[in-house]
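Peer 1: Got final.txt for you, compact mmCIF, C-alpha atoms:
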# COMPACT_ATOMS: atom_id res chain seq x y z
CA MET V 1 67.45 -94.65 -35.60
CA GLU V 2 64.81 -94.44 -38.33
CA PHE V 3 62.03 -95.01 -35.79
CA LEU V 4 62.94 -91.83 -33.88
CA GLU V 5 63.40 -89.69 -37.01
CA GLU V 6 60.10 -90.52 -38.72
CA PHE V 7 56.76 -90.49 -36.92
CA PRO V 8 55.01 -93.88 -37.25
CA GLU V 9 52.05 -92.50 -39.18
CA LEU V 10 49.53 -94.51 -41.14
CA GLY V 11 50.20 -95.19 -44.79
CA ARG V 12 48.40 -93.26 -47.54
CA GLN V 13 46.31 -96.25 -48.53
CA GLU V 14 45.18 -96.85 -44.95
CA LEU V 15 44.26 -93.18 -44.51
CA ARG V 16 42.42 -93.22 -47.82
CA ASP V 17 40.46 -96.31 -46.77
CA ILE V 18 39.49 -94.72 -43.44
CA LYS V 19 38.32 -91.52 -45.14
CA LYS V 20 36.38 -93.47 -47.76
CA THR V 21 34.72 -95.59 -45.08
CA VAL V 22 33.64 -92.55 -43.05
CA ASP V 23 32.42 -90.63 -46.12
CA PHE V 24 30.55 -93.64 -47.50
CA ALA V 25 28.87 -94.36 -44.17
CA PHE V 26 27.73 -90.75 -43.78
CA LYS V 27 26.55 -90.49 -47.39
CA SER V 28 24.58 -93.72 -46.99
CA PHE V 29 22.99 -92.36 -43.82
CA SER V 30 22.18 -89.12 -45.64
CA ARG V 31 20.60 -90.98 -48.59
CA ASN V 32 18.53 -93.22 -46.32
CA TYR V 33 17.37 -90.68 -43.74
CA GLY V 34 17.87 -87.27 -45.37
CA GLU V 35 14.24 -86.88 -46.50
CA SER V 36 12.91 -88.04 -43.13
CA LEU V 37 15.10 -85.50 -41.36
CA GLU V 38 13.93 -82.74 -43.70
CA SER V 39 10.31 -83.66 -42.96
CA PHE V 40 11.07 -83.68 -39.23
CA PHE V 41 12.46 -80.14 -39.38
CA ASP V 42 9.75 -78.83 -41.73
CA PRO V 43 7.61 -77.31 -38.90
CA LEU V 44 10.70 -75.47 -37.65
CA LEU V 45 11.35 -74.13 -41.15
CA GLN V 46 7.75 -72.93 -41.52
CA PHE V 47 7.92 -71.21 -38.12
CA MET V 48 11.19 -69.48 -38.99
CA ILE V 49 9.80 -68.26 -42.32
CA TRP V 50 6.62 -67.00 -40.59
CA PHE V 51 8.53 -65.22 -37.83
CA GLU V 52 10.97 -63.59 -40.25
CA LYS V 53 8.10 -62.34 -42.44
CA LEU V 54 6.28 -61.07 -39.35
CA LEU V 55 9.30 -58.99 -38.31
CA ILE V 56 9.79 -57.66 -41.84
CA VAL V 57 6.15 -56.69 -42.58
CA THR V 58 5.51 -55.18 -39.15
CA PRO V 59 5.86 -51.37 -39.36
CA TRP V 60 9.29 -50.28 -38.16
CA PRO V 61 8.02 -47.89 -35.41
CA ILE V 62 6.20 -50.84 -33.79
CA ILE V 63 9.33 -53.03 -33.94
CA ILE V 64 11.49 -50.26 -32.45
CA GLY V 65 8.84 -49.62 -29.78
CA ILE V 66 8.74 -53.32 -28.85
CA ILE V 67 12.55 -53.53 -28.70
CA ALA V 68 12.75 -50.38 -26.56
CA GLY V 69 10.02 -51.74 -24.29
CA LEU V 70 11.82 -55.08 -23.89
CA ALA V 71 15.10 -53.26 -23.22
CA TRP V 72 13.45 -51.17 -20.52
CA LEU V 73 11.66 -54.16 -18.95
CA GLY V 74 14.92 -56.11 -18.84
CA SER V 75 17.19 -53.36 -17.59
CA ARG V 76 14.88 -50.70 -16.09
CA SER V 77 17.22 -48.22 -17.75
CA TRP V 78 15.79 -45.47 -19.98
CA LYS V 79 19.31 -44.85 -21.31
CA LEU V 80 19.54 -48.40 -22.62
CA ALA V 81 16.04 -48.18 -24.09
CA LEU V 82 16.94 -44.88 -25.79
CA GLY V 83 20.21 -46.36 -27.02
CA SER V 84 18.30 -49.30 -28.54
CA ILE V 85 15.96 -46.88 -30.35
CA ILE V 86 18.88 -44.87 -31.74
CA ALA V 87 20.81 -47.99 -32.78
CA PHE V 88 17.86 -49.52 -34.66
CA PHE V 89 16.98 -46.18 -36.25
CA ILE V 90 20.54 -45.83 -37.57
CA ILE V 91 20.49 -49.45 -38.80
CA GLY V 92 17.28 -48.77 -40.71
CA ARG V 93 18.54 -45.43 -41.98
CA PHE V 94 21.56 -47.14 -43.57
CA GLY V 95 19.37 -49.67 -45.40
CA MET V 96 20.02 -52.73 -43.23
CA TRP V 97 16.54 -53.09 -41.74
CA GLU V 98 15.42 -56.30 -43.52
CA ASP V 99 18.75 -58.04 -42.95
CA THR V 100 18.62 -57.04 -39.28
CA MET V 101 15.08 -58.41 -38.94
CA ALA V 102 16.19 -61.69 -40.56
CA THR V 103 19.10 -61.87 -38.12
CA LEU V 104 16.82 -61.09 -35.18
CA ALA V 105 14.48 -63.88 -36.31
CA ILE V 106 17.19 -66.54 -36.45
CA ILE V 107 18.82 -65.38 -33.20
CA SER V 108 15.47 -65.39 -31.39
CA VAL V 109 14.51 -68.87 -32.62
CA ALA V 110 18.01 -70.24 -31.96
CA THR V 111 17.99 -68.83 -28.43
CA LEU V 112 14.57 -70.35 -27.71
CA ILE V 113 15.73 -73.75 -29.00
CA CYS V 114 18.94 -73.55 -26.95
CA ILE V 115 16.96 -72.64 -23.82
CA GLY V 116 14.43 -75.43 -24.50
CA PHE V 117 17.13 -78.09 -24.78
CA GLY V 118 19.94 -76.54 -22.74
CA ILE V 119 18.22 -75.95 -19.41
CA PRO V 120 16.79 -79.51 -19.10
CA LEU V 121 20.21 -80.87 -20.08
CA GLY V 122 21.88 -78.69 -17.42
CA ILE V 123 19.35 -79.91 -14.85
CA LEU V 124 20.11 -83.51 -15.82
CA MET V 125 23.84 -82.85 -15.40
CA ALA V 126 23.26 -81.26 -11.99
CA ARG V 127 21.17 -84.24 -10.91
CA SER V 128 23.57 -86.96 -12.04
CA ASN V 129 27.37 -87.02 -11.81
CA ARG V 130 27.42 -89.78 -14.41
CA ALA V 131 25.42 -87.63 -16.85
CA GLN V 132 27.82 -84.77 -16.18
CA SER V 133 30.84 -86.98 -16.89
CA ILE V 134 29.28 -88.06 -20.21
CA ILE V 135 27.93 -84.69 -21.39
CA THR V 136 30.90 -82.49 -20.38
CA PRO V 137 33.35 -83.98 -22.95
CA ILE V 138 30.67 -83.62 -25.65
CA LEU V 139 30.26 -79.94 -24.74
CA ASP V 140 34.05 -79.56 -24.82
CA ILE V 141 34.11 -80.94 -28.36
CA MET V 142 31.21 -78.71 -29.43
CA GLN V 143 33.00 -75.62 -28.13
CA THR V 144 36.44 -76.39 -29.47
CA ILE V 145 35.77 -77.92 -32.88
CA PRO V 146 36.16 -75.30 -35.65
CA SER V 147 32.76 -73.84 -36.45
CA PHE V 148 33.19 -74.44 -40.19
CA VAL V 149 33.33 -78.19 -39.50
CA TYR V 150 29.74 -78.08 -38.19
CA LEU V 151 28.58 -77.06 -41.63
CA ILE V 152 29.85 -80.16 -43.46
CA PRO V 153 27.61 -82.89 -41.93
CA VAL V 154 24.67 -80.49 -41.65
CA VAL V 155 24.88 -79.57 -45.34
CA MET V 156 25.37 -83.21 -46.35
CA LEU V 157 22.20 -84.17 -44.46
CA LEU V 158 19.89 -81.22 -45.12
CA GLY V 159 21.50 -79.20 -47.92
CA ILE V 160 21.71 -75.43 -47.64
CA GLY V 161 19.10 -73.10 -46.18
CA LYS V 162 17.61 -71.83 -42.95
CA VAL V 163 17.24 -75.13 -41.10
CA PRO V 164 20.83 -76.39 -41.50
CA GLY V 165 22.04 -72.88 -40.62
CA MET V 166 19.85 -72.88 -37.53
CA ILE V 167 21.16 -76.30 -36.47
CA ALA V 168 24.76 -75.13 -36.89
CA VAL V 169 24.03 -71.99 -34.84
CA CYS V 170 22.38 -74.04 -32.08
CA ILE V 171 25.23 -76.56 -31.90
CA TYR V 172 27.70 -73.70 -31.57
CA ALA V 173 25.68 -71.66 -29.08
CA ILE V 174 24.10 -74.21 -26.70
CA PRO V 175 27.10 -75.26 -24.51
CA PRO V 176 27.18 -72.12 -22.26
CA ILE V 177 23.58 -72.42 -21.14
CA VAL V 178 24.01 -76.13 -20.37
CA ARG V 179 27.20 -75.56 -18.39
CA LEU V 180 25.91 -72.55 -16.43
CA THR V 181 22.56 -74.19 -15.62
CA ASN V 182 24.46 -77.18 -14.22
CA LEU V 183 26.85 -74.90 -12.32
CA GLY V 184 24.09 -72.67 -10.95
CA ILE V 185 22.08 -75.59 -9.57
CA ARG V 186 25.17 -77.25 -8.07
CA LEU V 187 26.13 -73.98 -6.34
CA VAL V 188 22.86 -73.74 -4.44
CA ASP V 189 23.63 -73.76 -0.72
CA LYS V 190 23.25 -77.25 0.77
CA GLU V 191 21.75 -75.80 3.96
CA VAL V 192 18.93 -74.31 1.88
CA LEU V 193 18.29 -77.72 0.32
CA GLU V 194 18.34 -79.38 3.72
CA ALA V 195 15.80 -76.82 4.92
CA ALA V 196 13.60 -77.60 1.91
CA ASP V 197 13.89 -81.32 2.69
CA ALA V 198 13.02 -80.64 6.31
CA PHE V 199 9.78 -78.99 5.18
CA GLY V 200 8.93 -82.13 3.24
CA ALA V 201 9.60 -80.83 -0.28
CA ASN V 202 9.74 -83.52 -2.94
CA TYR V 203 12.18 -83.46 -5.87
CA LYS V 204 10.01 -81.29 -8.15
CA GLN V 205 9.19 -78.81 -5.39
CA ARG V 206 12.84 -78.54 -4.44
CA LEU V 207 13.94 -78.14 -8.07
CA PHE V 208 11.33 -75.61 -9.24
CA GLY V 209 10.78 -73.88 -5.89
CA VAL V 210 14.34 -73.62 -4.60
CA GLN V 211 17.15 -74.65 -6.95
CA ILE V 212 16.09 -73.04 -10.22
CA PRO V 213 15.04 -69.70 -8.65
CA LEU V 214 18.35 -69.48 -6.81
CA ALA V 215 20.28 -70.51 -9.91
CA LEU V 216 18.55 -67.95 -12.16
CA PRO V 217 21.47 -65.46 -12.23
CA ASN V 218 23.79 -68.22 -13.53
CA ILE V 219 21.15 -69.50 -15.92
CA PHE V 220 20.66 -66.00 -17.28
CA ALA V 221 24.42 -65.59 -17.68
CA GLY V 222 24.24 -68.75 -19.81
CA VAL V 223 21.43 -67.26 -21.90
CA ASN V 224 23.55 -64.15 -22.40
CA GLN V 225 26.53 -66.20 -23.60
CA THR V 226 24.30 -68.28 -25.86
CA ILE V 227 22.94 -65.13 -27.55
CA MET V 228 26.45 -63.76 -28.04
CA MET V 229 27.70 -67.00 -29.58
CA ALA V 230 24.64 -67.23 -31.84
CA LEU V 231 25.35 -63.71 -33.10
CA ALA V 232 28.98 -64.67 -33.68
CA MET V 233 27.83 -67.65 -35.79
CA VAL V 234 25.56 -65.54 -38.03
CA VAL V 235 28.28 -64.70 -40.56
CA ILE V 236 29.46 -68.31 -40.83
CA ALA V 237 25.89 -69.59 -41.16
CA SER V 238 25.35 -67.19 -44.07
CA MET V 239 27.73 -69.42 -46.06
CA ILE V 240 24.98 -72.05 -46.23
CA GLY V 241 22.13 -69.75 -47.16
CA VAL V 242 21.00 -68.16 -43.89
CA LYS V 243 19.73 -64.66 -44.66
CA GLY V 244 20.62 -61.72 -42.50
CA LEU V 245 23.51 -59.40 -41.78
CA GLY V 246 26.01 -62.20 -42.39
CA VAL V 247 25.28 -62.30 -46.14
CA PRO V 248 26.48 -58.75 -46.92
CA VAL V 249 29.48 -59.29 -44.64
CA LEU V 250 30.35 -62.40 -46.64
CA GLN V 251 29.90 -60.48 -49.90
CA ALA V 252 32.13 -57.72 -48.56
CA VAL V 253 34.87 -60.21 -47.72
CA ALA V 254 34.62 -61.91 -51.13
CA ASN V 255 34.63 -58.61 -53.08
CA GLN V 256 36.73 -56.47 -50.74
CA TYR V 257 33.92 -53.97 -50.07
CA LEU V 258 35.19 -52.28 -46.92
CA ALA V 259 32.23 -49.96 -46.32
CA LEU V 260 29.63 -52.72 -46.81
CA GLY V 261 31.43 -55.08 -44.46
CA LEU V 262 32.02 -52.37 -41.87
CA MET V 263 28.40 -51.18 -41.82
CA ASN V 264 26.89 -54.66 -41.48
CA GLY V 265 29.57 -55.72 -39.03
CA LEU V 266 28.78 -52.71 -36.85
CA ALA V 267 25.08 -53.56 -37.06
CA ILE V 268 25.89 -57.04 -35.64
CA VAL V 269 27.98 -55.36 -32.94
CA ALA V 270 25.06 -53.04 -32.09
CA LEU V 271 22.73 -56.05 -31.70
CA ALA V 272 25.32 -57.82 -29.55
CA ILE V 273 25.77 -54.78 -27.29
CA ILE V 274 22.01 -54.32 -26.84
CA PHE V 275 21.41 -58.01 -26.06
CA ASP V 276 24.45 -58.14 -23.79
CA ARG V 277 23.61 -55.01 -21.79
CA VAL V 278 19.93 -55.90 -21.38
CA SER V 279 20.58 -59.51 -20.35
CA GLN V 280 23.42 -58.49 -18.00
CA ALA V 281 21.23 -55.82 -16.40
CA TYR V 282 18.42 -58.36 -15.98
CA GLY V 283 20.88 -60.83 -14.45
CA ARG V 284 22.10 -58.18 -11.99
CA ARG V 285 18.50 -57.39 -11.03
CA LEU V 286 17.89 -61.09 -10.40
CA GLN V 287 21.07 -61.28 -8.32
CA ALA V 288 20.06 -58.20 -6.31
CA HIS V 289 16.58 -59.64 -5.78
CA ARG V 290 18.13 -62.91 -4.61
CA GLN V 291 20.50 -61.16 -2.22
CA GLY V 292 17.62 -59.04 -0.91
CA ALA V 293 15.56 -62.19 -0.34
CA ASP V 294 18.50 -63.85 1.42
CA HIS V 295 19.00 -60.76 3.57
CA ASP V 296 15.34 -60.72 4.53
As structure tokens - that is how I would like this structure written.
Peer 2:
Amino acid sequence: MEFLEEFPELGRQELRDIKKTVDFAFKSFSRNYGESLESFFDPLLQFMIWFEKLLIVTPWPIIIGIIAGLAWLGSRSWKLALGSIIAFFIIGRFGMWEDTMATLAIISVATLICIGFGIPLGILMARSNRAQSIITPILDIMQTIPSFVYLIPVVMLLGIGKVPGMIAVCIYAIPPIVRLTNLGIRLVDKEVLEAADAFGANYKQRLFGVQIPLALPNIFAGVNQTIMMALAMVVIASMIGVKGLGVPVLQAVANQYLALGLMNGLAIVALAIIFDRVSQAYGRRLQAHRQGADHD
């Protein structure tokens, strides 16, 4: 039974034709619209360059003071604020300050972009079951496709540099905030919504006055996951010219420099721990505030 022994796969010529068709179509799109896309993203590039320079030229004690202040505001924990100071001081002491500032710049901008697009998308999914059924498979693909594959179409369209790296980071990092915003809004107690309706709240009042405030712990958990995934993408994005801690890690891998890779890898871990602890602490405070409000 030849049919059972050999899988009925496409012939080489057919596969070659399919690949050529896809590549030609994408290259044609890139040739026709590549410059327009670059112009569209030019303001984003200028903002990223400005923000990165701002972080680098600002005196380091001010940066550390701001980070410690943000850590304390988010967590209300002096231990976490002190830990952030020590971590950034050690990072600077070992000569990784500029790379860390570049990484902070891209993570901050990527997180803002993900929040700006992710939360409205999550709200849309929570509002419409049809939108959820369409967007959920797309998010599944975005989360499961190998991250290196993101780089191919982005580089073909925009070349290498900050903007394509930022786009790749955002594509990789945005699904959690979309999913958790949708989940958080859908988990809001129906009796609370009925009470809001009984008081005559319209859709906007119910959304911004009831659903989003009650969903904030979930939304913030999504922000936390988005930051973590953006940090995880930093090393891969360095392959297409994104400056930061990923570049020396990539050099260490290519040249087998253990110490260099270890130091910069630990700096990324330190950033991840600080972001994770602060955002988790802030989420717990929101949850406690919500429970306190419910109890009252």
Peer 1: Quick one: 5 Å padding each side, axis-aligned, all listed atoms of stretch 83-99 of chain V - centre and edge lengths in Å to one decimal, as JSON?
Peer 2:
{"center_x": 18.5, "center_y": -51.5, "center_z": -36.2, "size_x": 16.1, "size_y": 23.2, "size_z": 28.4}
Peer 1: Applying 12 Å and all atoms listed in the file, which residues near stretch 79-93 of chain V remain after dropping the ones on its own chain fewer than 3 positions away? List them as a ChimeraX atom specification.
Peer 2: /V:56,59-76,96-101,104,245,263-281
Peer 1: Tell me, in Å to one decimal, how far atom CA of V:Met233 is from atom CA of V:Ile113.
Peer 2: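 So the answer is 15.2 Å.
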Peer 1: Tell me, in Å to one decimal, how far atom CA of V:Asn129 is from atom CA of V:Asn182.
Peer 2: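 Interatomic distance, atom CA of V:Asn129 to atom CA of V:Asn182: 10.5 Å.
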Peer 1: Considering all atoms listed in the file, state which residue in the set V:Lys190, V:Arg284, V:Lys204, V:Lys243 is at the smallest distance from V:Ala221.
Peer 2: V:Arg284
Peer 1: Between atom CA of V:Ile177 and atom CA of V:Asn224, what is the distance, to one decimal in Å?
Peer 2: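 So the two atoms, atom CA of V:Ile177 and atom CA of V:Asn224, lie 8.4 Å apart.
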Peer 1: In terms of the shortest atom-to-atom distance over all atoms listed in the file, which of V:Val163, V:Ala126, V:Leu112, V:Val242 is closest to V:Leu180?
Peer 2: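 Between V:Val163, V:Ala126, V:Leu112, V:Val242, the residue approaching V:Leu180 most closely is V:Ala126.
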Peer 1: Using only C-alpha atoms for the distances, tell me which of V:Ile141, V:Val192, V:Leu151, V:Ile160 is nearest to V:Gly241.
Peer 2: V:Ile160
Peer 1: Could you check which residues have any atom within 10 Å of (27.2, -60.8, -48.8), counting all atoms listed in the file with coordinates taken straight from the file, and then list them as a list in words?
Peer 2: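 Protein and nucleic acid residues near the point are Val235, Ser238, Met239, Lys243, Gly244, Leu245, Gly246, Val247, Pro248, Val249, Leu250, Gln251, Ala252, Val253, Ala254, Asn255, Tyr257, Leu260, Gly261 and Asn264 of chain V.
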